[in-house]
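Peer 1: What follows is protein-v6.csv; its format and atoms are CSV, C-alpha atoms.
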chain,number,residue,atom,x,y,z
P,1,SER,CA,-21.3,147.7,-2.3
P,2,VAL,CA,-23.0,149.2,-5.3
P,3,LEU,CA,-19.8,150.8,-6.5
P,4,ALA,CA,-17.9,147.6,-6.2
P,5,ALA,CA,-20.4,145.6,-8.3
P,6,LEU,CA,-19.3,145.1,-11.9
P,7,LEU,CA,-22.3,145.0,-14.2
P,8,ILE,CA,-22.1,143.4,-17.6
P,9,VAL,CA,-25.0,144.7,-19.7
P,10,PRO,CA,-26.5,143.8,-23.1
P,11,ASN,CA,-24.5,145.3,-25.9
P,12,PHE,CA,-27.6,146.0,-27.9
P,13,LEU,CA,-28.6,148.6,-25.3
P,14,PHE,CA,-25.3,150.5,-25.7
P,15,ALA,CA,-26.5,152.2,-28.8
P,16,GLN,CA,-29.8,151.9,-30.6
P,17,PRO,CA,-30.1,152.8,-34.3
P,18,LYS,CA,-32.1,155.9,-33.6
P,19,ASP,CA,-29.7,157.2,-31.0
P,20,VAL,CA,-27.3,158.7,-33.5
P,21,ASP,CA,-27.4,160.2,-37.0
P,22,ASP,CA,-24.4,158.2,-38.2
P,23,VAL,CA,-26.3,156.2,-40.9
P,24,ASP,CA,-24.9,155.7,-44.4
P,25,LYS,CA,-26.7,156.8,-47.5
P,26,SER,CA,-27.8,153.3,-48.4
P,27,GLY,CA,-30.0,153.3,-45.3
P,28,SER,CA,-28.1,150.6,-43.4
P,29,GLU,CA,-27.4,151.3,-39.7
P,30,ALA,CA,-24.0,152.3,-38.6
P,31,GLN,CA,-22.0,149.7,-36.6
P,32,LEU,CA,-21.9,151.2,-33.2
P,33,VAL,CA,-20.6,148.4,-31.0
P,34,PRO,CA,-16.9,147.5,-31.5
P,35,ARG,CA,-15.7,143.9,-31.2
P,36,GLY,CA,-12.7,142.1,-29.8
P,37,ALA,CA,-9.8,144.1,-28.5
P,38,ASP,CA,-11.5,147.3,-29.5
P,39,VAL,CA,-14.1,146.8,-26.8
P,40,LEU,CA,-11.3,146.9,-24.2
P,41,ARG,CA,-9.5,149.8,-25.7
P,42,ASN,CA,-12.5,151.9,-26.6
P,43,PRO,CA,-15.3,151.2,-24.1
P,44,VAL,CA,-18.8,152.3,-25.1
P,45,LEU,CA,-20.9,154.3,-22.7
P,46,PRO,CA,-23.4,152.0,-21.0
P,47,PRO,CA,-27.2,152.6,-21.1
P,48,LYS,CA,-28.6,155.2,-18.7
P,49,TRP,CA,-30.2,152.5,-16.5
P,50,ALA,CA,-26.7,151.1,-15.7
P,51,PHE,CA,-26.0,154.2,-13.7
P,52,GLY,CA,-29.2,154.0,-11.7
P,53,VAL,CA,-30.0,153.0,-8.1
P,54,LEU,CA,-29.0,149.3,-7.6
P,55,PHE,CA,-30.4,147.0,-5.0
P,56,ALA,CA,-29.0,143.6,-4.2
P,57,SER,CA,-30.1,140.7,-1.9
P,58,TYR,CA,-29.9,137.0,-1.0
P,59,ARG,CA,-33.7,136.6,-1.2
P,60,ASN,CA,-36.3,134.3,-2.8
P,61,GLN,CA,-38.9,135.0,-5.4
P,62,ALA,CA,-41.6,136.2,-2.9
P,63,ASP,CA,-39.2,138.5,-1.1
P,64,VAL,CA,-37.9,140.0,-4.3
P,65,LEU,CA,-41.3,140.8,-5.6
P,66,ASP,CA,-42.3,142.2,-2.1
P,67,ALA,CA,-39.2,144.4,-2.2
P,68,MET,CA,-40.0,145.6,-5.7
P,69,THR,CA,-43.5,146.7,-4.5
P,70,ARG,CA,-42.2,148.5,-1.5
P,71,LEU,CA,-39.4,150.2,-3.4
P,72,ARG,CA,-41.8,151.4,-6.1
P,73,LYS,CA,-44.2,152.7,-3.5
P,74,ASP,CA,-41.9,154.6,-1.1
P,75,TYR,CA,-38.5,154.9,-2.7
P,76,CYS,CA,-36.8,154.7,-6.1
P,77,GLY,CA,-34.7,152.2,-8.0
P,78,ASP,CA,-33.6,151.0,-11.4
P,79,LEU,CA,-31.9,147.7,-11.0
P,80,MET,CA,-32.2,144.6,-8.8
P,81,TRP,CA,-29.8,141.7,-8.6
P,82,LEU,CA,-29.6,138.4,-6.7
P,83,ASP,CA,-26.4,137.2,-5.2
P,84,SER,CA,-25.7,133.4,-4.8
P,85,SER,CA,-29.2,132.7,-3.4
P,86,TRP,CA,-30.6,132.3,-6.9
P,87,LEU,CA,-28.7,129.1,-7.1
P,88,TRP,CA,-29.5,127.7,-3.7
P,89,GLY,CA,-31.0,128.9,-0.4
P,90,ALA,CA,-28.2,127.5,1.8
P,91,TYR,CA,-24.8,129.2,1.6
P,92,ASP,CA,-22.8,125.9,1.3
P,93,ARG,CA,-24.0,123.6,-1.5
P,94,ALA,CA,-21.1,122.7,-3.8
P,95,ASP,CA,-23.2,121.0,-6.4
P,96,ARG,CA,-25.0,124.3,-7.2
P,97,TYR,CA,-21.9,126.4,-7.7
P,98,ILE,CA,-22.2,127.1,-10.4
P,99,CYS,CA,-24.9,125.2,-12.3
P,100,PHE,CA,-26.6,128.1,-14.2
P,101,GLU,CA,-30.1,127.1,-12.9
P,102,PHE,CA,-32.4,128.9,-10.6
P,103,ASP,CA,-33.3,127.0,-7.4
P,104,THR,CA,-36.9,126.1,-8.1
P,105,ASN,CA,-37.5,125.6,-4.3
P,106,GLN,CA,-37.1,129.4,-4.0
P,107,PHE,CA,-38.0,130.6,-7.5
P,108,SER,CA,-41.1,128.7,-8.7
P,109,ASP,CA,-41.3,130.8,-11.8
P,110,ALA,CA,-38.1,132.9,-12.3
P,111,LYS,CA,-39.2,134.0,-15.8
P,112,ALA,CA,-42.5,135.4,-14.5
P,113,MET,CA,-40.7,137.1,-11.7
P,114,ILE,CA,-38.3,138.8,-14.1
P,115,SER,CA,-41.2,139.8,-16.4
P,116,THR,CA,-42.9,141.4,-13.4
P,117,LEU,CA,-39.8,143.3,-12.5
P,118,HIS,CA,-39.5,144.6,-16.0
P,119,ALA,CA,-43.1,145.7,-16.0
P,120,ASN,CA,-42.3,147.7,-12.8
P,121,HIS,CA,-39.3,149.3,-14.5
P,122,PHE,CA,-36.5,147.3,-12.8
P,123,HIS,CA,-33.7,145.7,-14.8
P,124,PHE,CA,-32.6,142.4,-13.3
P,125,GLY,CA,-29.3,140.5,-12.9
P,126,VAL,CA,-27.7,137.6,-11.1
P,127,TRP,CA,-24.3,136.8,-9.5
P,128,GLU,CA,-21.8,134.5,-11.2
P,129,TRP,CA,-18.2,133.3,-10.9
P,130,PRO,CA,-16.0,131.4,-13.4
P,131,TYR,CA,-15.8,128.1,-11.5
P,132,ILE,CA,-17.6,124.7,-11.8
P,133,ASP,CA,-17.3,122.3,-8.9
P,134,GLN,CA,-16.5,118.6,-9.5
P,135,SER,CA,-19.7,117.6,-7.9
P,136,ILE,CA,-21.6,119.1,-10.8
P,137,THR,CA,-20.7,116.0,-12.7
P,138,ASN,CA,-22.1,116.6,-16.1
P,139,LEU,CA,-20.7,120.2,-16.5
P,140,TYR,CA,-17.4,119.4,-14.9
P,141,GLN,CA,-16.8,116.3,-17.0
P,142,GLN,CA,-17.7,118.3,-20.1
P,143,GLY,CA,-15.2,121.0,-19.2
P,144,GLU,CA,-12.5,118.5,-18.3
P,145,SER,CA,-12.8,116.3,-21.3
P,146,ASN,CA,-12.9,119.2,-23.8
P,147,HIS,CA,-10.0,121.0,-22.1
P,148,TYR,CA,-12.1,124.1,-21.1
P,149,PHE,CA,-10.5,124.5,-17.7
P,150,ILE,CA,-7.2,125.9,-16.7
P,151,THR,CA,-4.6,123.1,-16.4
P,152,ASP,CA,-1.0,122.8,-15.3
P,153,HIS,CA,0.2,122.9,-18.9
P,154,LYS,CA,-0.2,125.3,-21.9
P,155,GLY,CA,-2.8,124.2,-24.4
P,156,ALA,CA,-4.9,122.6,-21.7
P,157,THR,CA,-3.0,119.4,-22.2
P,158,GLY,CA,-2.2,118.9,-18.5
P,159,LYS,CA,-4.2,118.2,-15.4
P,160,VAL,CA,-7.0,120.6,-14.2
P,161,VAL,CA,-5.8,122.8,-11.3
P,162,ASN,CA,-8.1,123.7,-8.5
P,163,GLY,CA,-9.7,127.0,-9.3
P,164,GLY,CA,-10.8,127.6,-5.7
P,165,GLY,CA,-13.9,129.4,-4.5
P,166,TRP,CA,-16.2,129.1,-1.5
P,167,HIS,CA,-19.8,128.0,-0.9
P,168,GLY,CA,-18.6,124.6,0.2
P,169,VAL,CA,-16.8,123.7,-3.0
P,170,LYS,CA,-13.9,121.2,-2.8
P,171,PHE,CA,-12.3,121.3,-6.2
P,172,THR,CA,-13.4,123.5,-9.1
P,173,GLY,CA,-12.5,123.8,-12.7
P,174,GLN,CA,-11.9,127.4,-13.7
P,175,ILE,CA,-13.1,128.3,-17.2
P,176,ASP,CA,-10.2,129.3,-19.4
P,177,PHE,CA,-11.4,132.3,-21.3
P,178,THR,CA,-8.2,132.3,-23.4
P,179,ASN,CA,-9.6,129.2,-25.1
P,180,PRO,CA,-12.3,130.3,-27.6
P,181,ASN,CA,-14.2,127.1,-27.3
P,182,ALA,CA,-14.4,127.4,-23.5
P,183,ALA,CA,-15.7,131.0,-23.9
P,184,ASN,CA,-18.3,129.8,-26.3
P,185,LEU,CA,-19.4,127.1,-23.9
P,186,TRP,CA,-19.8,129.7,-21.2
P,187,LYS,CA,-22.0,131.7,-23.5
P,188,GLU,CA,-24.1,128.7,-24.2
P,189,LEU,CA,-24.6,127.8,-20.6
P,190,ASN,CA,-25.8,131.4,-19.9
P,191,GLN,CA,-28.1,131.7,-22.9
P,192,PRO,CA,-31.2,130.2,-21.1
P,193,LEU,CA,-30.8,133.0,-18.5
P,194,LEU,CA,-30.8,135.6,-21.1
P,195,ASP,CA,-33.8,134.0,-22.8
P,196,MET,CA,-35.6,134.4,-19.4
P,197,GLY,CA,-35.0,138.1,-19.5
P,198,VAL,CA,-31.8,138.5,-17.3
P,199,ASP,CA,-30.4,141.9,-18.2
P,200,PHE,CA,-27.0,141.9,-16.6
P,201,PHE,CA,-24.5,139.8,-14.5
P,202,LYS,CA,-22.7,140.8,-11.4
P,203,ILE,CA,-19.5,138.9,-11.9
P,204,ASP,CA,-17.4,137.8,-8.9
P,205,THR,CA,-13.7,137.1,-8.4
P,206,TYR,CA,-10.9,138.6,-10.5
P,207,SER,CA,-10.3,135.6,-12.6
P,208,THR,CA,-6.6,135.3,-11.8
P,209,VAL,CA,-4.8,132.2,-12.9
P,210,ALA,CA,-5.0,129.6,-10.1
P,211,LYS,CA,-1.8,128.6,-8.4
P,212,GLY,CA,0.1,126.1,-10.6
P,213,GLY,CA,-2.1,126.8,-13.6
P,214,VAL,CA,-1.3,127.8,-17.1
P,215,THR,CA,-3.8,129.2,-19.5
P,216,PHE,CA,-4.6,127.7,-22.9
P,217,ASP,CA,-2.6,130.3,-24.7
P,218,GLY,CA,0.1,130.7,-22.0
P,219,SER,CA,-0.9,134.3,-21.1
P,220,GLY,CA,-1.2,135.5,-17.5
P,221,SER,CA,-3.9,136.8,-15.1
P,222,GLU,CA,-4.2,140.2,-16.6
P,223,TYR,CA,-5.2,138.9,-20.1
P,224,LEU,CA,-7.4,136.2,-18.6
P,225,LEU,CA,-9.3,138.9,-16.6
P,226,ARG,CA,-9.8,141.0,-19.7
P,227,LEU,CA,-11.2,138.0,-21.6
P,228,TYR,CA,-13.4,137.1,-18.6
P,229,HIS,CA,-15.1,140.5,-18.9
P,230,GLN,CA,-15.1,140.5,-22.7
P,231,THR,CA,-16.9,137.1,-22.7
P,232,TYR,CA,-19.8,138.5,-20.6
P,233,TYR,CA,-19.9,141.6,-22.8
P,234,GLU,CA,-20.2,139.5,-26.0
P,235,MET,CA,-22.7,137.0,-24.7
P,236,THR,CA,-25.1,139.8,-23.6
Show the structure stored in the file as structure tokens.

Peer 2:
Amino acid sequence: SVLAALLIVPNFLFAQPKDVDDVDKSGSEAQLVPRGADVLRNPVLPPKWAFGVLFASYRNQADVLDAMTRLRKDYCGDLMWLDSSWLWGAYDRADRYICFEFDTNQFSDAKAMISTLHANHFHFGVWEWPYIDQSITNLYQQGESNHYFITDHKGATGKVVNGGGWHGVKFTGQIDFTNPNAANLWKELNQPLLDMGVDFFKIDTYSTVAKGGVTFDGSGSEYLLRLYHQTYYEMT
């Protein structure tokens, strides 16, 4: 549902320089967006559009643009996001979950689609989760060899534990956001999407520590969840 969707929006939209009068005498702009733990303790009011009417779908590029046209003609709306279909048309395809790339069979020009949505006053986002299936060989091996996944021993020195998931996945590595290097990798993998114009992410799962797993710093699910959300906040 709309209310259940957790939107992570770009922090530069939380407060623009001209939104407040809190500017020092030297002319430099006030620091409006807190960092680190302060973000969690003192959340900043999101931009107005984040409270708008949100539409979601499992559609392709043509259908998204058609929906955009019909919504603008007869209804209203502020945001559109795609669920897992942006990665692949079929529900079960392990080697696409999650590869951070649009399925070009369904989205021949995702960047142009997003630009058209923006021109029609829609903000756009995509669905993600914190798992990478073993079948996505290059990404999984990168995560495993660099100790970016949750393992069965503190410090990521043990064996990777199965993060779980659906979409046909068999064994997934779960990004360990308590490891700063792993969080940085996640930001890097998502940067091309932001460069395309993606405005926000609908993040799925509660990022609990998988059964038998121990985070990099030894903390539990609650802290991992906070860092999961914080990483998205920081990367956008």

Peer 1: Would you pick out the contacts of Gly168 of chain P at 8 Å or less, using all atoms listed in the file, so that residues sharing its chain but fewer than 5 positions from it are not included, and give the list as a list of chain:residue names?

Peer 2: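 In the requested format, the answer is P:Tyr91, P:Asp92, P:Arg93, P:Ala94.
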
Peer 1: From the list P:Asn179, P:Ser207, P:Gln174, P:Ser85, which residue is nearest Gln134 of chain P when using only C-alpha atoms?

Peer 2: P:Gln174

Peer 1: List the spatial neighbours of His118 of chain P as a PyMOL selection string - criterion: any atom at most 12 Å away, all atoms listed in the file, same-chain residues fewer than 5 positions off excluded.

Peer 2: chain P and resi 65+68+78-80+111-113+123-125+196-199

Peer 1: Write out as a list in words which residues come within 8 Å of segment 97-100 of chain P when counting all atoms listed in the file, dropping same-chain ones fewer than 5 positions away.

Peer 2: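 With the cut-off at 8 Å, the set is Leu87, Glu128, Trp129, Tyr131, Ile132, Asp133, Ile136, Leu139, His167, Val169, Leu189, Asn190 and Leu193 of chain P.
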
Peer 1: Name the closest residue to Val161 of chain P among the candidates P:Gln61, P:Asn146, P:Thr215, P:Gln230; distances are taken between atoms, counting all atoms listed in the file.

Peer 2: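 Nearest to Val161 of chain P: P:Thr215.
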
Peer 1: Residues at most 9 Å from Ser135 of chain P, counting only C-alpha atoms, excluding those fewer than 6 positions away in the same chain, as a ChimeraX atom specification?

Peer 2: /P:94-96,169-172

Peer 1: If you measure from atom CA of Leu185 of chain P to atom CA of Phe122 of chain P, what distance in Å do you get, rounded to one decimal?

Peer 2: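 We find that atom CA of Leu185 of chain P and atom CA of Phe122 of chain P lie 28.7 Å from each other.
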
Peer 1: Which residue is closest to Gly213 of chain P? Choose from P:Tyr140, P:Trp86, P:Phe149, P:Trp49 and count all atoms listed in the file.

Peer 2: P:Phe149

Peer 1: For a quick check of understanding, using all atoms listed in the file, which of P:Pro46, P:Gly77, P:Gly143, P:Gly218 has the smallest distance to Gly155 of chain P?

Peer 2: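 Nearest candidate to Gly155 of chain P out of P:Pro46, P:Gly77, P:Gly143, P:Gly218: P:Gly218.
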
Peer 1: Determine, counting all atoms listed in the file, which protein, DNA and RNA residues have an atom within 8 Å of an atom of Thr208 of chain P; residues of the same chain fewer than 6 positions away are not included. Present the result as a list in words.

Peer 2: Gly220, Ser221, Glu222, Leu224 and Leu225 of chain P

Peer 1: To one decimal place, how far is atom CA of Trp186 of chain P from atom CA of Thr231 of chain P in Å?

Peer 2: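 That distance, rounded to one decimal, is 8.1 Å.
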
Peer 1: In Å, with one decimal, what is the gap from atom CA of Thr205 of chain P to atom CA of His153 of chain P?

Peer 2: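 Here the two named atoms are 22.5 Å from each other.
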